[in-house]
Structures are given as C-alpha cells and as structure tokens.
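**Q** Right, I'll just put the structure down here and ask away after.
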Amino acid sequence: MADIRSRELGAYLRARRDRLSPTDVGLPGGGGRRRVKGLRREEVAVLANVGSTWYTWLEQGRDVQPSVEVLTAIGEALRLSPGERRHLLLLGGHAAEPSSFEQVGGQLQGLLDSLSPQPAVAMNPWFEPLAYNAPFRFMIDDIEALPAGDRNCAYLHFTHPDWIAGHSDHEQECAGIVARLRAYYGESVTDPAWGPLLGRLREESPLFVRLWDQADVSSDPDRVKGIRSLHVGKLSLRTVTMQLQANPRTRVVVYQPEDRTTRERLEELASRITRGVIDGPANVRRLRPAT
C-alpha cells in the first residue's frame with residue numbers, strides 16, 4: 001500500500017509541475033528552449049525550500065515519508081488549490097490539511113439561508129462557526145453580540161451563562177461535544193489549532209477537564225436537543241449533520257423542529273428577524289418573556 005501511495009504521489013507531483021512555467025511562479029523565463037515541460041525539479045525544490053535530491057526521490061516514488069509541513073510547502077510552490085493540496089496530503093499518508101479555518105463560499109451561505117426558519121450552521125472540527133443563517137444566530141441569543149474570539153460553540157457551551165442555561169440537559173450536551181472533539185482531535189492531533197482551544201477550555205471550565213479526562217470518543221449521532229431561546233422560548237430540535245464533499249472537514253448542522261410548537265416558534269423567530277424586531281441581544285430588545 002505504501003509503494004502504491006508513493007508512486008501515485010510522485011506521478012501527481014510530476015503532473016502538477018508540468019503544468020507550470022517559471023513565470024507562473026515568479027522565476028525568470030530563462031530564454032531559449034527548455035529541455036523540460038513546465039518547471040524543473042530543482043526549481044520546485046528551491047521554491048519549497050527542500051533538497052533537490054530529496055525532491056527527486058519523492059517524484060520517483062521512493063518511500064521518503066514527507067511530513068505535513070513539507071507537503072504543504074510543496075503545495076504552495078506548485079500553486080495548488082485547497083482541494084489539490086488536500087489530495088496531495090492524502091497521497092502523502094496524512095489524513096487532512098491542517099488548517100485552523102476552513103473557507104466557506106457564498107454558495108454554502110445561500111444554502112444555509114434557504115433552510116430558514118430552521119437554524120443551520122457550518123462548523124469546522126474545532127466547533128468554530130464558519131457560516132450560519134439568521135435563525136441560528138438568534139437561536140439562543142445573538143452570537144454576533146459576543147467578542148469574535150469567543151464565538152466558538154464548544155467554548156460557549158462550557159463558559160457562557162446564556163448557552164449554559166440554554167440547554168435543558170447541559171452536562172449531557174457538553175459530554176457529547178467533548179466526545180466529538182476527541183474524535184476530531186484524533187484525526188488531526190498535530191494541528192496547531194488544538195493547543196489554544198483545549199488550553200483555554202481546560203483553564204476556564206472544570207467540567208471540560210473532567211469530561212475530557214474521561215477520554216470518551218463518539219461521533220454523537222443526531223438526536224433531539226432541548227433549547228431555551230431568549231427570544232421565543234423552549235424549542236425541541238433534532239439535529240441533522242452533513243459533511244461537505246467539497247471540504248470534508250466542514251460539517252453542516254441543521255436544527256429541525258421536533259414538534260408543532262417548535263416549528264411555530266421557529267417561524268415566529270424568522271418573522272421577527274425579517275421584520276427587524278430582533279437585530280441584537282435579547283436582553284435589549286426582547287418582546288416577551290421566554291417560556
């Protein structure tokens with residue numbers, strides 16, 4: 001299996017190198033006819049700051065076991081797209097590209113908006129909301145009223161009073177989040193994004209420390225959540241999670257109403273947002289008590 005992967009990696013690098021000219025990557029054209037199509041191996045090695053001989057071995061399909069950092073540098077040198085870089089890392093034997101933030105296009109935002117009045121959010125493995133629709137923004141209170149550095153759904157579950165009070169079974173919800181965090185952590189344990197998040201949670205939440213040290217791992221299948229919205233009251237929501245094919249490290253979570261009352265309250269929430277009645281924190285512009 002390793003031999004096959006190494007050969008495929010070498011073939012992929014040669015194909016990507018062949019499609020580039022020196023001027024594409026900011027190198028002198030060199031004048032006259034070049035004996036090779038595209039870039040020379042030596043030029044890629046210089047751009048990626050790796051040894052020329054070592055890079056040659058890599059293209060020849062030898063088992064040199066390139067690191068994530070080296071493959072990332074080569075991907076940048078070859079001007080690979082995000083999808084091409086991910087493919088390069090997979091061929092190199094690495095699970096996924098170590099990026100702390102996944103870019104989300106307007107097409108995905110349009111999808112999330114079309115799901116209204118159902119709250120919907122796109123998140124990365126670190127529970128950072130990359131995009132969301134208006135009902136998700138105001139599902140509990142206003143997530144955009146929080147400091148940008150605090151808008152992490154895992155962090156809010158453990159530290160923010162409204163999010164803690166906003167879940168009917170808070171500890172069960174947190175246990176599920178930690179089990180999912182551990183599963184994602186195992187997929188990209190060397191990613192530098194984990195250190196700041198786990199360190200902050202350990203420092204600020206004894207509950208997180210206890211749950212993390214239990215070492216439970218789970219994909220946490222979709223289930224019904226009891227949520228208390230500061231705008232429209234109690235909601236019973238079933239979560240449905242989908243992984244994006246274009247970016248497998250991004251998942252879309254849709255909160256579907258479990259009963260008629262919840263459906264009506266979500267419709268009321270969306271209507272208030274559309275009419276501009278809700279455009280900030282609930283404690284500023286709440287219309288009636290949430291029950």
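Residues in the structure tokens are named by chain (A, B, ... in the order shown) and by number from 1 within that chain; ligands are numbered from 1 in the order shown.
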Run DSSP on the backbone of this structure and report the residues of region 86-208 of chain A it assigns to alpha helix (DSSP H), as an NGL selection string.
**A** :A and (86-91 or 106-114 or 134-137 or 153-159 or 161-165 or 170-187 or 194-204 or 206-208)
**Q** Could you please write out, as a PyMOL selection string, every residue of region 4-189 of chain A that DSSP assigns to strand (DSSP E or B)?
**A** chain A and resi 120-123+129-132+167
**Q** Report as a PyMOL selection string all protein, DNA and RNA residues lying within 8 Å of region 236-246 of chain A, evaluated on only C-alpha atoms, omitting residues in the same chain fewer than 6 positions from it.
**A** chain A and resi 83+222-227+252-259+262
**Q** Output the selection as a tab-separated table (two decimals), in the first residue's frame - N, CA, C and O atoms for each residue.
**A**
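The new file result.tsv reads:
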```tsv
chain	number	residue	atom	x	y	z
A	83	GLY	N	-8.36	22.05	-2.67
A	83	GLY	CA	-8.70	20.66	-2.93
A	83	GLY	C	-7.49	19.86	-3.40
A	83	GLY	O	-7.32	18.69	-3.01
A	222	ASP	N	-27.02	12.16	15.50
A	222	ASP	CA	-28.02	13.21	15.60
A	222	ASP	C	-29.12	12.81	16.59
A	222	ASP	O	-29.58	11.68	16.60
A	223	ARG	N	-29.52	13.76	17.41
A	223	ARG	CA	-30.51	13.49	18.45
A	223	ARG	C	-31.31	14.74	18.74
A	223	ARG	O	-31.05	15.81	18.20
A	224	VAL	N	-32.30	14.59	19.62
A	224	VAL	CA	-33.16	15.71	19.97
A	224	VAL	C	-32.53	16.52	21.10
A	224	VAL	O	-32.02	15.96	22.07
A	225	LYS	N	-32.55	17.84	20.92
A	225	LYS	CA	-32.00	18.75	21.93
A	225	LYS	C	-33.11	19.65	22.46
A	225	LYS	O	-33.96	20.12	21.70
A	226	GLY	N	-33.09	19.89	23.74
A	226	GLY	CA	-33.98	20.87	24.34
A	226	GLY	C	-33.25	22.19	24.50
A	226	GLY	O	-32.27	22.27	25.23
A	227	ILE	N	-33.70	23.22	23.80
A	227	ILE	CA	-33.00	24.51	23.80
A	227	ILE	C	-33.96	25.60	24.26
A	227	ILE	O	-35.14	25.62	23.87
A	252	VAL	N	-22.17	20.62	8.14
A	252	VAL	CA	-23.35	21.47	8.26
A	252	VAL	C	-24.31	20.82	9.24
A	252	VAL	O	-24.64	19.63	9.10
A	253	VAL	N	-24.74	21.58	10.25
A	253	VAL	CA	-25.68	21.08	11.24
A	253	VAL	C	-26.99	21.85	11.07
A	253	VAL	O	-27.00	23.08	11.10
A	254	VAL	N	-28.07	21.11	10.87
A	254	VAL	CA	-29.40	21.70	10.71
A	254	VAL	C	-30.25	21.31	11.91
A	254	VAL	O	-30.26	20.13	12.30
A	255	TYR	N	-30.92	22.27	12.51
A	255	TYR	CA	-31.78	22.04	13.68
A	255	TYR	C	-33.23	21.99	13.21
A	255	TYR	O	-33.84	23.00	12.89
A	256	GLN	N	-33.80	20.78	13.17
A	256	GLN	CA	-35.15	20.59	12.67
A	256	GLN	C	-36.14	20.54	13.83
A	256	GLN	O	-35.87	19.91	14.86
A	257	PRO	N	-37.32	21.16	13.67
A	257	PRO	CA	-38.31	21.14	14.75
A	257	PRO	C	-38.84	19.74	14.99
A	257	PRO	O	-39.17	19.02	14.04
A	258	GLU	N	-38.94	19.36	16.24
A	258	GLU	CA	-39.41	18.03	16.60
A	258	GLU	C	-40.92	18.00	16.82
A	258	GLU	O	-41.52	16.94	16.82
A	259	ASP	N	-41.52	19.16	17.02
A	259	ASP	CA	-42.96	19.20	17.25
A	259	ASP	C	-43.54	20.48	16.65
A	259	ASP	O	-42.81	21.36	16.19
A	262	THR	N	-42.55	23.89	18.36
A	262	THR	CA	-41.21	24.34	17.98
A	262	THR	C	-41.21	24.91	16.56
A	262	THR	O	-40.59	25.95	16.30
```
**Q** Hey, what's within 8 Å of region 107-110 of chain A if we count only C-alpha atoms and toss same-chain stuff fewer than 5 positions away? As number ranges by chain, please?
**A** A: 131-133
**Q** With N, CA, C and O atoms retained, export the selected residues as a tab-separated table (two decimals), in the first residue's frame.
**A**
```
chain	number	residue	atom	x	y	z
A	131	ALA	N	-20.07	29.72	8.97
A	131	ALA	CA	-21.20	30.42	8.35
A	131	ALA	C	-22.47	29.92	9.01
A	131	ALA	O	-22.51	28.78	9.49
A	132	TYR	N	-23.49	30.75	9.04
A	132	TYR	CA	-24.76	30.35	9.65
A	132	TYR	C	-25.86	31.26	9.14
A	132	TYR	O	-25.60	32.34	8.58
A	133	ASN	N	-27.10	30.80	9.31
A	133	ASN	CA	-28.22	31.64	8.91
A	133	ASN	C	-28.74	32.45	10.10
A	133	ASN	O	-28.28	32.26	11.24
```
**Q** If we count only C-alpha atoms, what is near Ser52 (chain A) at a cut-off of 8 Å, once residues fewer than 3 positions away on the same chain are taken out, given as number ranges by chain?
**A** A: 41-42, 45-46, 55-56
**Q** Pick out the residues sitting within 12 Å of Pro206 (chain A), and hand them over as a PyMOL selection string; count only C-alpha atoms, and ignore anything fewer than 6 positions along from it in its own chain.
**A** chain A and resi 158-159+171+174+199-200+212-213
**Q** Write the residues you've just listed into a file as a PDB file, in the first residue's frame, and include all heavy atoms for each of them.
**A**
```
ATOM      1  N   PHE A 158     -19.463  25.690  27.496  1.00  0.00           N
ATOM      2  CA  PHE A 158     -18.834  25.498  28.801  1.00  0.00           C
ATOM      3  C   PHE A 158     -18.697  26.778  29.610  1.00  0.00           C
ATOM      4  O   PHE A 158     -18.470  26.716  30.818  1.00  0.00           O
ATOM      5  CB  PHE A 158     -17.436  24.873  28.614  1.00  0.00           C
ATOM      6  CG  PHE A 158     -17.478  23.414  28.287  1.00  0.00           C
ATOM      7  CD1 PHE A 158     -17.401  22.979  26.978  1.00  0.00           C
ATOM      8  CD2 PHE A 158     -17.603  22.460  29.290  1.00  0.00           C
ATOM      9  CE1 PHE A 158     -17.446  21.633  26.656  1.00  0.00           C
ATOM     10  CE2 PHE A 158     -17.645  21.114  28.993  1.00  0.00           C
ATOM     11  CZ  PHE A 158     -17.575  20.698  27.677  1.00  0.00           C
ATOM     12  N   THR A 159     -18.814  27.937  28.980  1.00  0.00           N
ATOM     13  CA  THR A 159     -18.454  29.171  29.686  1.00  0.00           C
ATOM     14  C   THR A 159     -19.510  30.268  29.680  1.00  0.00           C
ATOM     15  O   THR A 159     -19.496  31.117  30.568  1.00  0.00           O
ATOM     16  CB  THR A 159     -17.165  29.770  29.083  1.00  0.00           C
ATOM     17  OG1 THR A 159     -17.407  30.148  27.713  1.00  0.00           O
ATOM     18  CG2 THR A 159     -16.013  28.770  29.138  1.00  0.00           C
ATOM     19  N   GLU A 171     -25.137  19.163  30.949  1.00  0.00           N
ATOM     20  CA  GLU A 171     -23.967  18.291  31.077  1.00  0.00           C
ATOM     21  C   GLU A 171     -23.966  17.205  30.010  1.00  0.00           C
ATOM     22  O   GLU A 171     -22.909  16.865  29.463  1.00  0.00           O
ATOM     23  CB  GLU A 171     -23.901  17.665  32.476  1.00  0.00           C
ATOM     24  CG  GLU A 171     -22.646  16.832  32.662  1.00  0.00           C
ATOM     25  CD  GLU A 171     -22.298  16.570  34.114  1.00  0.00           C
ATOM     26  OE1 GLU A 171     -22.754  17.331  34.986  1.00  0.00           O
ATOM     27  OE2 GLU A 171     -21.553  15.600  34.368  1.00  0.00           O
ATOM     28  N   CYS A 174     -22.711  18.811  26.890  1.00  0.00           N
ATOM     29  CA  CYS A 174     -21.263  19.031  26.949  1.00  0.00           C
ATOM     30  C   CYS A 174     -20.491  17.725  26.775  1.00  0.00           C
ATOM     31  O   CYS A 174     -19.433  17.697  26.140  1.00  0.00           O
ATOM     32  CB  CYS A 174     -20.899  19.694  28.274  1.00  0.00           C
ATOM     33  SG  CYS A 174     -21.376  21.434  28.370  1.00  0.00           S
ATOM     34  N   GLY A 199      -6.387  24.357  25.614  1.00  0.00           N
ATOM     35  CA  GLY A 199      -5.800  25.054  26.754  1.00  0.00           C
ATOM     36  C   GLY A 199      -6.781  26.025  27.392  1.00  0.00           C
ATOM     37  O   GLY A 199      -6.882  26.110  28.624  1.00  0.00           O
ATOM     38  N   ARG A 200      -7.517  26.753  26.566  1.00  0.00           N
ATOM     39  CA  ARG A 200      -8.481  27.719  27.095  1.00  0.00           C
ATOM     40  C   ARG A 200      -9.627  27.017  27.818  1.00  0.00           C
ATOM     41  O   ARG A 200     -10.060  27.451  28.895  1.00  0.00           O
ATOM     42  CB  ARG A 200      -9.027  28.565  25.945  1.00  0.00           C
ATOM     43  CG  ARG A 200      -9.845  29.762  26.408  1.00  0.00           C
ATOM     44  CD  ARG A 200     -10.315  30.596  25.239  1.00  0.00           C
ATOM     45  NE  ARG A 200     -10.926  31.825  25.696  1.00  0.00           N
ATOM     46  CZ  ARG A 200     -11.627  32.654  24.929  1.00  0.00           C
ATOM     47  NH1 ARG A 200     -11.771  32.380  23.638  1.00  0.00           N
ATOM     48  NH2 ARG A 200     -12.168  33.742  25.426  1.00  0.00           N
ATOM     49  N   TRP A 212     -13.126  15.683  29.506  1.00  0.00           N
ATOM     50  CA  TRP A 212     -12.012  15.371  28.606  1.00  0.00           C
ATOM     51  C   TRP A 212     -11.164  14.226  29.167  1.00  0.00           C
ATOM     52  O   TRP A 212     -10.742  13.330  28.428  1.00  0.00           O
ATOM     53  CB  TRP A 212     -11.158  16.609  28.381  1.00  0.00           C
ATOM     54  CG  TRP A 212     -10.027  16.391  27.408  1.00  0.00           C
ATOM     55  CD1 TRP A 212      -8.726  16.075  27.701  1.00  0.00           C
ATOM     56  CD2 TRP A 212     -10.105  16.454  25.975  1.00  0.00           C
ATOM     57  NE1 TRP A 212      -7.994  15.951  26.554  1.00  0.00           N
ATOM     58  CE2 TRP A 212      -8.809  16.178  25.474  1.00  0.00           C
ATOM     59  CE3 TRP A 212     -11.131  16.737  25.077  1.00  0.00           C
ATOM     60  CZ2 TRP A 212      -8.530  16.170  24.109  1.00  0.00           C
ATOM     61  CZ3 TRP A 212     -10.843  16.726  23.709  1.00  0.00           C
ATOM     62  CH2 TRP A 212      -9.561  16.446  23.248  1.00  0.00           C
ATOM     63  N   ASP A 213     -10.931  14.257  30.468  1.00  0.00           N
ATOM     64  CA  ASP A 213     -10.087  13.223  31.084  1.00  0.00           C
ATOM     65  C   ASP A 213     -10.770  11.858  31.124  1.00  0.00           C
ATOM     66  O   ASP A 213     -10.108  10.840  31.359  1.00  0.00           O
ATOM     67  CB  ASP A 213      -9.670  13.654  32.490  1.00  0.00           C
ATOM     68  CG  ASP A 213      -8.675  14.805  32.470  1.00  0.00           C
ATOM     69  OD1 ASP A 213      -8.137  15.102  31.381  1.00  0.00           O
ATOM     70  OD2 ASP A 213      -8.451  15.428  33.534  1.00  0.00           O
TER      71      ASP A 213
END
```
**Q** Would you kindly return, as a PyMOL selection string, each protein, DNA or RNA residue with an atom no farther than 12 Å from any atom of Glu203 (chain A), considering only C-alpha atoms and excluding same-chain residues fewer than 6 positions away?
**A** chain A and resi 155+158-159+195-197+209-210
**Q** One decimal, in Å: what's the spacing between CA of Ile140 (chain A) and CA of Ala122 (chain A)?
**A** 16.7 Å
**Q** With distances taken over only C-alpha atoms, which residue among A:Val44, A:Val70, A:Val217, A:Ala15 lies nearest Tyr184 (chain A)?
**A** A:Val217
**Q** Restricting the calculation to only C-alpha atoms: of A:Ala134, A:Ala215, A:Ile164, A:Ala183, which residue gets closest to Thr274 (chain A)?
**A**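 Distance minimum relative to Thr274 (chain A) lands on A:Ala134.
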**Q** From the options A:Ile278, A:Ile273, A:Leu230, A:Leu156, which residue's atoms come nearest to Phe208 (chain A), counting only C-alpha atoms?
**A** A:Leu156
**Q** Using only C-alpha atoms, can you tell me which of A:Pro28, A:Pro125, A:Gly10, A:Pro135 comes closest to Gly92 (chain A)?
**A**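 Between A:Pro28, A:Pro125, A:Gly10, A:Pro135, the residue approaching Gly92 (chain A) most closely is A:Gly10.
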**Q** For Arg137 (chain A), which of A:Leu91, A:Gln118, A:Gly149, A:Lys234 is the closest residue, counting only C-alpha atoms?
**A**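 Of all the options, A:Gln118 lies closest to Arg137 (chain A).
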